[in-house]
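Chemist: For reference, this is run16.cif, and it has mmCIF, C-alpha atoms and all ligand atoms.
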```cif
data_run
#
loop_
_atom_site.label_atom_id
_atom_site.label_comp_id
_atom_site.auth_asym_id
_atom_site.auth_seq_id
_atom_site.Cartn_x
_atom_site.Cartn_y
_atom_site.Cartn_z
CA MET A 1 170.23 -135.17 -132.67
CA ILE A 2 167.49 -135.95 -135.20
CA THR A 3 166.35 -139.57 -135.31
CA LEU A 4 165.66 -140.83 -138.82
CA THR A 5 163.42 -143.88 -138.67
CA ASP A 6 163.60 -144.90 -142.34
CA ILE A 7 164.13 -143.78 -145.90
CA ALA A 8 160.93 -142.51 -147.52
CA TYR A 9 161.34 -141.65 -151.21
CA VAL A 10 163.35 -140.15 -154.00
CA ARG A 11 161.90 -137.35 -156.12
CA SER A 12 163.47 -136.90 -159.52
CA GLY A 13 162.85 -134.42 -162.33
CA VAL A 14 162.55 -135.82 -165.86
CA ALA A 15 162.32 -134.00 -169.18
CA ASP A 16 160.55 -136.97 -170.78
CA LEU A 17 158.08 -138.21 -168.19
CA ASN A 18 156.59 -140.87 -170.44
CA ALA A 19 159.94 -142.45 -171.29
CA ALA A 20 161.16 -142.38 -167.66
CA THR A 21 157.87 -143.88 -166.45
CA ARG A 22 157.98 -146.61 -169.11
CA PHE A 23 161.47 -147.54 -167.92
CA ALA A 24 160.54 -147.49 -164.21
CA THR A 25 157.61 -149.83 -164.88
CA GLY A 26 158.47 -152.01 -167.89
CA ILE A 27 162.19 -152.36 -167.14
CA VAL A 28 162.66 -151.82 -163.39
CA GLY A 29 159.30 -153.43 -162.65
CA LEU A 30 157.74 -150.85 -160.31
CA GLU A 31 153.98 -150.30 -160.04
CA LEU A 32 152.64 -147.05 -161.43
CA ALA A 33 150.12 -145.60 -158.98
CA GLU A 34 146.81 -144.37 -160.36
CA PRO A 35 147.63 -140.99 -161.93
CA ALA A 36 146.28 -138.33 -159.62
CA GLU A 37 148.46 -135.33 -160.34
CA PRO A 38 149.38 -133.96 -163.77
CA GLY A 39 153.09 -134.20 -164.49
CA VAL A 40 153.90 -136.57 -161.63
CA ALA A 41 154.30 -140.36 -161.79
CA HIS A 42 154.30 -142.15 -158.43
CA LEU A 43 156.12 -145.49 -158.49
CA ARG A 44 155.58 -148.15 -155.85
CA ALA A 45 157.86 -151.00 -154.70
CA ASP A 46 156.63 -151.96 -151.24
CA HIS A 47 154.23 -150.86 -148.48
CA ARG A 48 154.90 -147.20 -149.20
CA HIS A 49 152.43 -145.39 -151.48
CA HIS A 50 155.49 -144.63 -153.59
CA CYS A 51 159.21 -144.55 -153.15
CA LEU A 52 160.01 -142.82 -156.42
CA ALA A 53 158.21 -139.79 -157.82
CA LEU A 54 159.10 -138.75 -161.34
CA VAL A 55 158.22 -135.12 -161.93
CA ARG A 56 158.02 -133.55 -165.40
CA GLY A 57 160.61 -130.78 -165.73
CA PRO A 58 164.38 -130.41 -165.96
CA SER A 59 166.38 -133.61 -165.38
CA GLY A 60 167.88 -133.93 -161.93
CA VAL A 61 167.21 -135.18 -158.46
CA ILE A 62 164.75 -132.93 -156.61
CA SER A 63 165.01 -134.38 -153.11
CA SER A 64 165.57 -137.42 -150.91
CA GLY A 65 163.00 -138.12 -148.20
CA PHE A 66 163.53 -139.63 -144.76
CA THR A 67 160.94 -140.39 -142.11
CA VAL A 68 160.88 -139.19 -138.52
CA ALA A 69 158.63 -140.70 -135.86
CA GLY A 70 155.83 -138.14 -135.78
CA PRO A 71 154.75 -134.49 -135.90
CA ASP A 72 156.44 -133.63 -132.60
CA GLU A 73 159.71 -135.08 -133.82
CA LEU A 74 159.34 -133.14 -137.07
CA ASP A 75 158.79 -129.90 -135.14
CA ALA A 76 161.82 -130.66 -132.98
CA ALA A 77 163.93 -131.38 -136.06
CA GLU A 78 162.85 -128.09 -137.63
CA THR A 79 163.82 -126.18 -134.49
CA GLU A 80 167.14 -127.98 -134.19
CA LEU A 81 168.05 -127.35 -137.83
CA GLU A 82 167.12 -123.68 -137.62
CA ARG A 83 169.12 -123.25 -134.42
CA SER A 84 172.13 -124.69 -136.23
CA GLY A 85 171.76 -122.06 -138.95
CA THR A 86 170.09 -124.24 -141.56
CA ARG A 87 167.35 -122.64 -143.62
CA VAL A 88 164.28 -124.83 -143.35
CA TYR A 89 161.20 -124.72 -145.57
CA ARG A 90 157.92 -126.12 -144.29
CA GLY A 91 156.07 -127.90 -147.10
CA SER A 92 152.62 -126.69 -148.11
CA ALA A 93 149.56 -128.91 -147.92
CA ALA A 94 149.66 -129.44 -151.70
CA GLU A 95 153.35 -130.35 -151.61
CA ALA A 96 152.72 -132.78 -148.74
CA ARG A 97 149.83 -134.30 -150.69
CA SER A 98 152.07 -134.83 -153.71
CA ARG A 99 154.51 -136.69 -151.46
CA ARG A 100 151.71 -138.65 -149.73
CA VAL A 101 152.90 -137.51 -146.33
CA ARG A 102 151.13 -135.64 -143.56
CA GLU A 103 153.83 -133.01 -143.14
CA PHE A 104 157.37 -132.38 -144.26
CA ILE A 105 160.26 -129.96 -144.05
CA ALA A 106 162.92 -129.37 -146.70
CA PHE A 107 166.48 -128.12 -146.39
CA ASP A 108 169.88 -128.52 -147.99
CA ASP A 109 172.73 -130.51 -146.50
CA PRO A 110 176.08 -128.65 -146.40
CA PHE A 111 177.01 -130.21 -149.75
CA GLY A 112 173.93 -128.99 -151.63
CA ASN A 113 171.76 -132.09 -151.53
CA ARG A 114 168.09 -131.35 -150.90
CA LEU A 115 166.76 -133.41 -148.01
CA GLU A 116 163.20 -133.73 -146.80
CA LEU A 117 162.06 -135.03 -143.42
CA VAL A 118 158.54 -136.39 -143.44
CA THR A 119 155.94 -137.73 -141.09
CA GLY A 120 152.82 -139.71 -141.88
CA GLN A 121 153.97 -141.32 -145.12
CA VAL A 122 151.02 -143.21 -146.57
CA THR A 123 151.12 -147.00 -146.40
CA VAL A 124 149.15 -149.01 -148.95
CA ALA A 125 147.87 -152.37 -147.71
CA ARG A 126 147.13 -153.89 -151.10
CA PRO A 127 149.96 -156.06 -152.50
CA VAL A 128 152.18 -154.29 -155.02
CA ALA A 129 151.03 -154.86 -158.61
CA PHE A 130 154.51 -155.07 -160.09
CA SER A 131 154.73 -154.28 -163.79
CA ARG A 132 157.30 -157.04 -164.27
CA ALA A 133 158.40 -159.98 -162.11
CA ALA A 134 161.76 -158.51 -161.10
CA GLY A 135 161.48 -159.97 -157.59
CA ILE A 136 161.58 -156.57 -155.85
CA THR A 137 160.88 -156.75 -152.13
CA GLU A 138 161.54 -153.18 -151.04
CA PHE A 139 163.19 -149.81 -151.54
CA GLY A 140 166.60 -150.68 -150.10
CA HIS A 141 168.75 -147.57 -149.90
CA LEU A 142 169.71 -144.31 -151.54
CA CYS A 143 173.11 -142.86 -152.16
CA LEU A 144 174.06 -139.19 -152.25
CA ASP A 145 177.22 -137.43 -153.41
CA ALA A 146 179.45 -135.11 -151.42
CA PRO A 147 182.94 -133.75 -152.15
CA ASP A 148 184.40 -135.14 -148.91
CA ILE A 149 182.93 -138.32 -147.43
CA TYR A 150 184.53 -137.64 -144.04
CA ASP A 151 182.77 -134.27 -143.81
CA ALA A 152 179.56 -136.01 -144.89
CA HIS A 153 180.00 -138.63 -142.17
CA ARG A 154 180.48 -135.92 -139.57
CA TYR A 155 177.24 -134.27 -140.72
CA TRP A 156 175.14 -137.44 -140.79
CA SER A 157 176.52 -138.87 -137.55
CA THR A 158 176.26 -135.70 -135.46
CA ARG A 159 173.12 -134.02 -136.82
CA PHE A 160 171.34 -137.37 -137.33
CA ASN A 161 171.40 -140.87 -135.86
CA ALA A 162 173.28 -142.37 -138.83
CA ARG A 163 176.25 -144.58 -137.95
CA VAL A 164 179.00 -145.66 -140.29
CA SER A 165 178.97 -149.37 -141.06
CA ASP A 166 181.99 -149.45 -143.37
CA TRP A 167 184.25 -147.14 -145.35
CA ILE A 168 185.58 -147.40 -148.87
CA GLN A 169 188.59 -145.20 -148.32
CA ASP A 170 188.01 -141.63 -149.55
CA ARG A 171 185.28 -142.92 -151.91
CA ALA A 172 182.24 -143.97 -149.88
CA CYS A 173 180.74 -143.96 -146.41
CA LEU A 174 178.06 -146.61 -145.86
CA LEU A 175 175.61 -145.56 -143.13
CA ARG A 176 172.90 -147.34 -141.18
CA ILE A 177 169.87 -145.96 -139.39
CA ASP A 178 168.54 -149.41 -138.42
CA PRO A 179 170.02 -152.94 -138.54
CA VAL A 180 170.36 -152.92 -142.34
CA HIS A 181 174.06 -152.46 -143.18
CA HIS A 182 173.27 -149.28 -145.10
CA LYS A 183 170.10 -147.44 -145.98
CA LEU A 184 172.12 -144.37 -146.88
CA ALA A 185 175.51 -144.05 -148.51
CA VAL A 186 177.56 -141.00 -149.40
CA PHE A 187 179.88 -141.31 -152.38
CA GLN A 188 182.66 -138.92 -153.25
CA GLY A 189 181.42 -136.61 -155.98
CA ASP A 190 182.30 -133.05 -156.82
CA ARG A 191 178.69 -131.94 -157.22
CA PRO A 192 175.61 -132.73 -155.14
CA GLY A 193 173.50 -135.48 -156.64
CA MET A 194 171.98 -138.92 -156.40
CA CYS A 195 174.49 -141.66 -157.07
CA HIS A 196 171.87 -144.41 -157.19
CA MET A 197 168.60 -145.75 -155.84
CA ASN A 198 168.53 -149.38 -154.66
CA PHE A 199 165.81 -152.01 -154.72
CA GLN A 200 166.21 -155.27 -152.84
CA VAL A 201 165.17 -158.42 -154.69
CA GLU A 202 164.03 -161.71 -153.26
CA SER A 203 166.75 -164.08 -154.43
CA LEU A 204 170.07 -164.52 -156.15
CA ASP A 205 168.09 -165.92 -159.07
CA ASP A 206 166.26 -162.60 -159.41
CA VAL A 207 169.56 -160.71 -159.73
CA PHE A 208 170.71 -162.94 -162.57
CA ARG A 209 167.30 -163.13 -164.27
CA ASN A 210 167.16 -159.35 -164.17
CA TRP A 211 170.67 -159.12 -165.58
CA HIS A 212 169.75 -161.21 -168.62
CA PHE A 213 166.52 -159.29 -169.04
CA LEU A 214 168.26 -155.88 -168.90
CA VAL A 215 170.88 -157.00 -171.42
CA SER A 216 168.17 -158.30 -173.75
CA GLN A 217 166.45 -154.90 -173.55
CA GLY A 218 169.66 -153.03 -174.40
CA VAL A 219 169.90 -151.41 -170.96
CA GLU A 220 173.38 -150.20 -170.03
CA ILE A 221 174.79 -152.32 -167.19
CA GLU A 222 177.04 -150.05 -165.18
CA MET A 223 178.45 -152.66 -162.83
CA GLY A 224 177.81 -156.28 -161.87
CA PRO A 225 176.57 -158.77 -161.23
CA GLY A 226 179.07 -158.72 -158.40
CA ARG A 227 179.26 -158.91 -154.64
CA HIS A 228 180.13 -156.11 -152.26
CA PRO A 229 182.38 -157.33 -149.43
CA GLN A 230 181.05 -154.63 -147.08
CA SER A 231 177.33 -155.45 -147.11
CA THR A 232 177.78 -158.93 -148.70
CA ALA A 233 175.02 -157.87 -151.13
CA ILE A 234 175.04 -159.25 -154.66
CA PHE A 235 174.56 -156.22 -156.85
CA LEU A 236 173.61 -155.09 -160.32
CA TYR A 237 173.75 -151.41 -161.29
CA PHE A 238 172.12 -150.15 -164.47
CA LEU A 239 171.46 -146.82 -166.09
CA GLY A 240 167.95 -145.47 -166.53
CA PRO A 241 166.79 -142.47 -168.54
CA GLU A 242 168.17 -139.01 -167.79
CA GLY A 243 171.22 -140.27 -165.96
CA PHE A 244 169.39 -142.01 -163.11
CA THR A 245 171.18 -145.11 -161.82
CA TYR A 246 169.14 -147.97 -160.40
CA GLU A 247 170.48 -150.92 -158.43
CA TYR A 248 169.05 -154.33 -157.67
CA SER A 249 170.64 -156.23 -154.83
CA PHE A 250 170.13 -159.31 -152.75
CA GLY A 251 171.52 -160.46 -149.41
CA VAL A 252 172.40 -157.25 -147.60
CA ARG A 253 174.03 -157.80 -144.22
CA ARG A 254 172.11 -156.90 -141.07
CA ILE A 255 173.98 -155.58 -138.04
CA GLU A 256 171.97 -156.91 -135.12
CA ASP A 257 174.58 -156.25 -132.42
CA ASP A 258 175.00 -152.56 -132.99
CA ALA A 259 177.42 -151.93 -130.13
CA ALA A 260 179.77 -154.71 -131.19
CA TRP A 261 180.12 -153.65 -134.83
CA VAL A 262 183.43 -152.04 -135.75
CA PRO A 263 183.46 -150.20 -139.09
CA ARG A 264 186.09 -151.42 -141.50
CA VAL A 265 188.13 -149.52 -144.06
CA PHE A 266 188.47 -150.94 -147.55
CA ASP A 267 191.12 -149.62 -149.91
CA PRO A 268 189.50 -149.21 -153.36
CA ALA A 269 192.89 -149.90 -154.99
CA GLU A 270 192.91 -153.42 -153.55
CA PRO A 271 191.37 -156.02 -155.87
CA GLY A 272 188.02 -157.20 -154.56
CA SER A 273 187.31 -154.16 -152.41
CA ILE A 274 184.27 -153.17 -154.48
CA ASP A 275 183.43 -156.54 -156.05
CA MET A 276 184.77 -159.58 -154.20
CA TRP A 277 184.13 -161.60 -157.38
CA LEU A 278 186.77 -159.40 -159.07
CA GLY A 279 184.54 -158.18 -161.89
CA PRO A 280 185.19 -154.84 -163.58
CA THR A 281 184.20 -151.91 -161.38
CA ARG A 282 183.50 -148.28 -162.11
CA ARG A 283 181.95 -145.25 -160.54
CA VAL A 284 178.30 -145.34 -161.57
CA ALA A 285 176.65 -142.23 -163.01
CA SER A 286 175.08 -139.74 -160.62
CA GLN A 287 172.06 -137.62 -161.39
CA PRO A 288 172.90 -134.02 -160.42
CA GLN A 289 170.89 -132.22 -157.76
CA LEU A 290 168.40 -129.73 -159.20
CA THR A 291 168.45 -126.30 -157.69
CA GLY A 292 165.53 -124.69 -159.51
CA ALA A 293 162.68 -126.39 -157.62
CA PRO A 294 160.01 -124.25 -155.93
CA VAL A 295 161.25 -125.20 -152.48
CA ALA A 296 164.71 -124.08 -153.50
CA GLY A 297 163.08 -121.02 -155.02
CA ASN A 298 161.55 -120.23 -151.67
CA LEU A 299 164.78 -120.93 -149.88
CA ASN A 300 166.71 -118.85 -152.37
CA ALA A 301 164.23 -116.00 -152.02
CA GLU A 302 164.77 -116.17 -148.30
CA ARG A 303 168.51 -116.18 -148.77
CA ASP A 304 168.28 -113.19 -151.10
CA ALA A 305 166.14 -111.35 -148.58
CA ALA A 306 168.69 -112.15 -145.90
CA GLY A 307 171.57 -111.11 -148.13
CA VAL A 308 173.06 -114.61 -147.99
CA SER A 309 174.98 -115.64 -151.07
CA ARG A 310 173.45 -118.37 -153.20
CA ARG A 311 175.29 -121.34 -154.52
CA PRO A 312 175.41 -121.31 -158.31
CA GLU A 313 172.39 -122.82 -159.98
CA THR A 314 173.27 -125.61 -162.36
CA VAL A 315 169.73 -126.07 -163.63
CA GLY A 316 167.03 -123.47 -163.96
CA GLY A 317 163.29 -123.74 -164.39
CA ASN A 318 160.50 -124.95 -162.23
CA VAL A 319 159.88 -128.42 -160.92
CA SER A 320 156.96 -129.21 -158.73
FE FE B 401 173.94 -149.46 -153.47
#
```
Can you turn what I pasted into C-alpha cells?
Ligand SMILES: [Fe+2]
Modeler:
Amino acid sequence: MITLTDIAYVRSGVADLNAATRFATGIVGLELAEPAEPGVAHLRADHRHHCLALVRGPSGVISSGFTVAGPDELDAAETELERSGTRVYRGSAAEARSRRVREFIAFDDPFGNRLELVTGQVTVARPVAFSRAAGITEFGHLCLDAPDIYDAHRYWSTRFNARVSDWIQDRACLLRIDPVHHKLAVFQGDRPGMCHMNFQVESLDDVFRNWHFLVSQGVEIEMGPGRHPQSTAIFLYFLGPEGFTYEYSFGVRRIEDDAAWVPRVFDPAEPGSIDMWLGPTRRVASQPQLTGAPVAGNLNAERDAAGVSRRPETVGGNVS
C-alpha cells in the first residue's frame, strides 16, 4: 500500500505556450513563476512552487503528480510498483528540477494515465502574487479519466490509500486521501486524460464574481455555477486553451470522522444528482493523455526491449 500525502501538480503540454500562459494568469488568476526554463511556464496558486506546469509541445496532459512522505517512502513505492509488474521510470535530476521536487518516479496507471510520485516538492514562503483577484486559496483536486470507474476505484484503493467518498453511478468515483471530500476523482472516459483541474476559492462571492468575469471575457462556461450534492461545493467549470478544463469551487465538505463515513451512490439520471440547484449539466471536456513524452519514450523503449506490446500512441513528438 502506497500512502499518498497530497496532490502535487499537473503537467500539461501546449502547442501555444504564450496563449495558454496568458489564460492561466490573466483569466484563471495564477502567478507565473520567474521563467527559469525555456518552454516551460510554472504557475503558482498556493504554498507550492507551482501546481501547474505548461510545457511547449503537443497538446495533452503529460502527468499528474502526487506526494509521498519522503525518499524512503518513494523507494518503497518504486519497489512495490515494480513487484506488481508496473514499469517504473526514475526521473533524472533535470526532470526533478523542472518539477521542483527532490526526486520522483513515473509510471502509467492501468488505464494509461501517467502518474508521478514525488518527494521534496518545493514550498515558497512568499505570498502568492496572483495575476487577478480570483480569490484562489489552493490547488483543490484533479480528475482523471478511466473506462471503468469501478476498476479505477479498485486500483486506487488497493495500490494506494485513496478511499471512496461518494459515487456518481457508473460516471464518477470521488476519492479522498485526507479529510477533504475528494482530492482525486476518476470520471468515466474512454481514453486516458485529465477531466479537470480544480482551484478552491475563498468565498461564494468569488465564484459568482469569477463567473461574471469569465463571461465578460468570452470564456466558455462548461457547467455552473451550481452545487454538487456530494461534496457540497459550489462549482464553476470553464474551458481553457487546448481543451484544458479548469474549475473554481468553494465550500468542499471535509470528512473528519473517517471511520464513520459511508459512501453514497448518486444516480446521474436523477435531477439534482450533479447540480442540486438543478442547472444544466454536461460532461466537461477532458484533455487527452499524451503518450509521446520522454518518460513515456523511455518506458516504451523498455517495453520494446522486453517485447511487451505498446498501447497505441495518440500523439507523437517530444514533450519535456
Ligand atoms: Fe471537480
Chemist: For the atom pair CA of Ala172 in chain A and CA of Trp156 in chain A, what is the interatomic distance in Å to one decimal place?
Modeler: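 We find that CA of Ala172 in chain A and CA of Trp156 in chain A lie 13.3 Å from each other.
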Chemist: Could you work out an axis-aligned box for range 140-157 of chain A, taking every atom the file lists and adding 6 Å on each side, and report centre and edge lengths in Å to one decimal, as lines of an AutoDock Vina configuration file?
Modeler:
```
center_x = 175.6
center_y = -142.2
center_z = -145.5
size_x = 29.9
size_y = 28.9
size_z = 27.9
```
Chemist: Sorted by chain and rising residue number, list the residues of chain A at most 8 Å from ligand FE 401 (chain B) (counting all atoms listed in the file), each with its closest atom pair and distance in Å to one decimal, as a Markdown table.
Modeler:
```
| residue | atom | partner | partner_atom | distance |
| --- | --- | --- | --- | --- |
| A:His141 | CA | B:FE401 | FE | 6.6 |
| A:Leu142 | CA | B:FE401 | FE | 6.9 |
| A:Cys143 | CA | B:FE401 | FE | 6.8 |
| A:Ala185 | CA | B:FE401 | FE | 7.5 |
| A:His196 | CA | B:FE401 | FE | 6.6 |
| A:Met197 | CA | B:FE401 | FE | 6.9 |
| A:Asn198 | CA | B:FE401 | FE | 5.5 |
| A:Phe235 | CA | B:FE401 | FE | 7.6 |
| A:Glu247 | CA | B:FE401 | FE | 6.2 |
| A:Ser249 | CA | B:FE401 | FE | 7.7 |
```
Chemist: Need to verify the contact set: His212 in chain A, 12 Å, only C-alpha atoms, exclusion of same-chain residues closer than 3 positions in sequence. Can you return it as a VMD selection string?
Modeler: chain A and resid 27 134 205 to 209 215 to 221 224 to 225 236
Chemist: May I have the residues within 7 Å of Val40 in chain A as a PyMOL selection string, using only C-alpha atoms and disregarding those fewer than 6 positions away in the same chain?
Modeler: chain A and resi 53-56
Chemist: I need the residue nearest Thr281 in chain A from this list: A:Glu256, A:Pro241, A:Gly193, A:Glu222. Use only C-alpha atoms for the distance.
Modeler: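 Ranking A:Glu256, A:Pro241, A:Gly193, A:Glu222 by distance to Thr281 in chain A, first place goes to A:Glu222.
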Chemist: Using all atoms listed in the file, what table do you get, as a tab-separated table, when you list each residue of range 110-226 of chain A with an atom no more than 10 Å from range 65-82 of chain A, its nearest pair of atoms, and their distance in Å rounded to one decimal, rows by chain then rising number?
Modeler:
```
residue	atom	partner	partner_atom	distance
A:Arg114	CA	A:Gly65	CA	8.9
A:Leu115	CA	A:Gly65	CA	6.0
A:Glu116	CA	A:Gly65	CA	4.6
A:Leu117	CA	A:Phe66	CA	5.0
A:Val118	CA	A:Thr67	CA	4.9
A:Thr119	CA	A:Gly70	CA	5.3
A:Gly120	CA	A:Gly70	CA	7.0
A:Gln121	CA	A:Thr67	CA	7.6
A:Leu142	CA	A:Gly65	CA	9.7
A:Arg159	CA	A:Leu81	CA	8.4
A:Phe160	CA	A:Ala77	CA	9.6
```
Chemist: One number please: CA of Leu43 in chain A to CA of Ala24 in chain A, in Å, one decimal.
Modeler: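 CA of Ala24 in chain A lies at a distance of 7.5 Å from CA of Leu43 in chain A.
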Chemist: I'd like to know which of A:Met223, A:Val28, A:Ile177, A:Ala96 is closest to Gly240 in chain A, using all atoms listed in the file.
Modeler: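 For Gly240 in chain A, the nearest of the candidates is A:Val28.
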Chemist: Counting only C-alpha atoms, which residue out of A:Arg283, A:Arg253, A:Arg154, A:Arg264 sits closest to Gly189 in chain A?
Modeler: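 Smallest distance to Gly189 in chain A is found for A:Arg283.
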Chemist: For Arg132 in chain A, list every protein, DNA or RNA residue within 9 Å, evaluated using only C-alpha atoms, and leave out those in the same chain fewer than 5 positions away; present the list as a PyMOL selection string.
Modeler: chain A and resi 25-31
Chemist: Would you please work out which residue, of A:Tyr237, A:Phe250, A:Phe244, A:Trp167, is nearest to Ser203 in chain A when using only C-alpha atoms?
Modeler: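 Of all the options, A:Phe250 lies closest to Ser203 in chain A.
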Chemist: For each of A:Gly140, A:Asn210, A:Pro147, A:Ala129, take the minimum atom-to-atom distance to Lys183 in chain A, counting all atoms listed in the file, then give the residue where this is smallest.
Modeler: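 For Lys183 in chain A, the nearest of the given residues is A:Gly140.
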Chemist: Counting all atoms listed in the file, figure out which residue out of A:Phe23, A:Ala269, A:Leu4, A:Ile149 gets nearest to Thr245 in chain A.
Modeler: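 The shortest atom-to-atom distance to Thr245 in chain A comes from A:Phe23.
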Chemist: Separation of CA of Leu184 in chain A and CA of Ala162 in chain A, in Å?
Modeler: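 If I compute the distance from CA of Leu184 in chain A to CA of Ala162 in chain A, I get 8.4 Å.
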Chemist: Which residues are close to range 270-280 of chain A, i.e. within 9 Å by only C-alpha atoms, leaving aside same-chain residues fewer than 2 positions away? Reply as an MDAnalysis selection string.
Modeler: chainID A and resid 168 223:230 232 234:235 266:268 282
Chemist: Take the point (166.9, -123.0, -146.0) as written in the file and pick out every residue within 6 Å of it, counting all atoms listed in the file; give the list as a list in words.
Modeler: Thr86, Arg87, Val88, Tyr89, Phe107 and Leu299 of chain A
Chemist: Missing atoms in range 135-142 of chain A need filling: write out all heavy atoms for it as an mmCIF file, in the frame of the given file.
Modeler:
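Saved file part-v3.cif follows:
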```
data_model
loop_
_atom_site.group_PDB
_atom_site.id
_atom_site.type_symbol
_atom_site.label_atom_id
_atom_site.label_comp_id
_atom_site.auth_asym_id
_atom_site.auth_seq_id
_atom_site.Cartn_x
_atom_site.Cartn_y
_atom_site.Cartn_z
ATOM 1 N N GLY A 135 161.170 -159.427 -158.915
ATOM 2 C CA GLY A 135 161.480 -159.970 -157.590
ATOM 3 C C GLY A 135 161.706 -158.910 -156.528
ATOM 4 O O GLY A 135 162.226 -159.212 -155.446
ATOM 5 N N ILE A 136 161.328 -157.663 -156.808
ATOM 6 C CA ILE A 136 161.580 -156.570 -155.850
ATOM 7 C C ILE A 136 160.823 -156.816 -154.547
ATOM 8 O O ILE A 136 159.642 -157.169 -154.565
ATOM 9 C CB ILE A 136 161.174 -155.210 -156.461
ATOM 10 C CG1 ILE A 136 162.121 -154.849 -157.614
ATOM 11 C CG2 ILE A 136 161.163 -154.108 -155.402
ATOM 12 C CD1 ILE A 136 161.691 -153.629 -158.410
ATOM 13 N N THR A 137 161.528 -156.630 -153.434
ATOM 14 C CA THR A 137 160.880 -156.750 -152.130
ATOM 15 C C THR A 137 160.723 -155.395 -151.446
ATOM 16 O O THR A 137 159.774 -155.196 -150.695
ATOM 17 C CB THR A 137 161.669 -157.673 -151.189
ATOM 18 O OG1 THR A 137 163.019 -157.180 -151.091
ATOM 19 C CG2 THR A 137 161.695 -159.109 -151.714
ATOM 20 N N GLU A 138 161.662 -154.493 -151.687
ATOM 21 C CA GLU A 138 161.540 -153.180 -151.040
ATOM 22 C C GLU A 138 162.555 -152.179 -151.598
ATOM 23 O O GLU A 138 163.546 -152.561 -152.227
ATOM 24 C CB GLU A 138 161.706 -153.288 -149.526
ATOM 25 C CG GLU A 138 163.071 -153.753 -149.089
ATOM 26 C CD GLU A 138 163.223 -153.757 -147.572
ATOM 27 O OE1 GLU A 138 162.440 -153.079 -146.876
ATOM 28 O OE2 GLU A 138 164.139 -154.424 -147.079
ATOM 29 N N PHE A 139 162.261 -150.917 -151.329
ATOM 30 C CA PHE A 139 163.190 -149.810 -151.540
ATOM 31 C C PHE A 139 164.302 -150.009 -150.515
ATOM 32 O O PHE A 139 164.054 -149.984 -149.311
ATOM 33 C CB PHE A 139 162.415 -148.499 -151.330
ATOM 34 C CG PHE A 139 163.220 -147.230 -151.264
ATOM 35 C CD1 PHE A 139 164.445 -147.089 -151.915
ATOM 36 C CD2 PHE A 139 162.709 -146.141 -150.567
ATOM 37 C CE1 PHE A 139 165.160 -145.896 -151.851
ATOM 38 C CE2 PHE A 139 163.409 -144.936 -150.500
ATOM 39 C CZ PHE A 139 164.642 -144.826 -151.138
ATOM 40 N N GLY A 140 165.537 -150.254 -151.000
ATOM 41 C CA GLY A 140 166.600 -150.680 -150.100
ATOM 42 C C GLY A 140 167.450 -149.565 -149.529
ATOM 43 O O GLY A 140 167.690 -149.510 -148.326
ATOM 44 N N HIS A 141 167.953 -148.688 -150.396
ATOM 45 C CA HIS A 141 168.750 -147.570 -149.900
ATOM 46 C C HIS A 141 168.891 -146.511 -150.982
ATOM 47 O O HIS A 141 168.527 -146.731 -152.142
ATOM 48 C CB HIS A 141 170.132 -148.026 -149.409
ATOM 49 C CG HIS A 141 171.006 -148.703 -150.428
ATOM 50 N ND1 HIS A 141 171.210 -150.064 -150.456
ATOM 51 C CD2 HIS A 141 171.762 -148.202 -151.436
ATOM 52 C CE1 HIS A 141 172.060 -150.368 -151.438
ATOM 53 N NE2 HIS A 141 172.400 -149.258 -152.046
ATOM 54 N N LEU A 142 169.401 -145.374 -150.581
ATOM 55 C CA LEU A 142 169.710 -144.310 -151.540
ATOM 56 C C LEU A 142 171.117 -143.823 -151.245
ATOM 57 O O LEU A 142 171.639 -143.990 -150.139
ATOM 58 C CB LEU A 142 168.685 -143.177 -151.476
ATOM 59 C CG LEU A 142 168.529 -142.404 -150.187
ATOM 60 C CD1 LEU A 142 169.514 -141.241 -150.125
ATOM 61 C CD2 LEU A 142 167.109 -141.863 -150.069
#
```
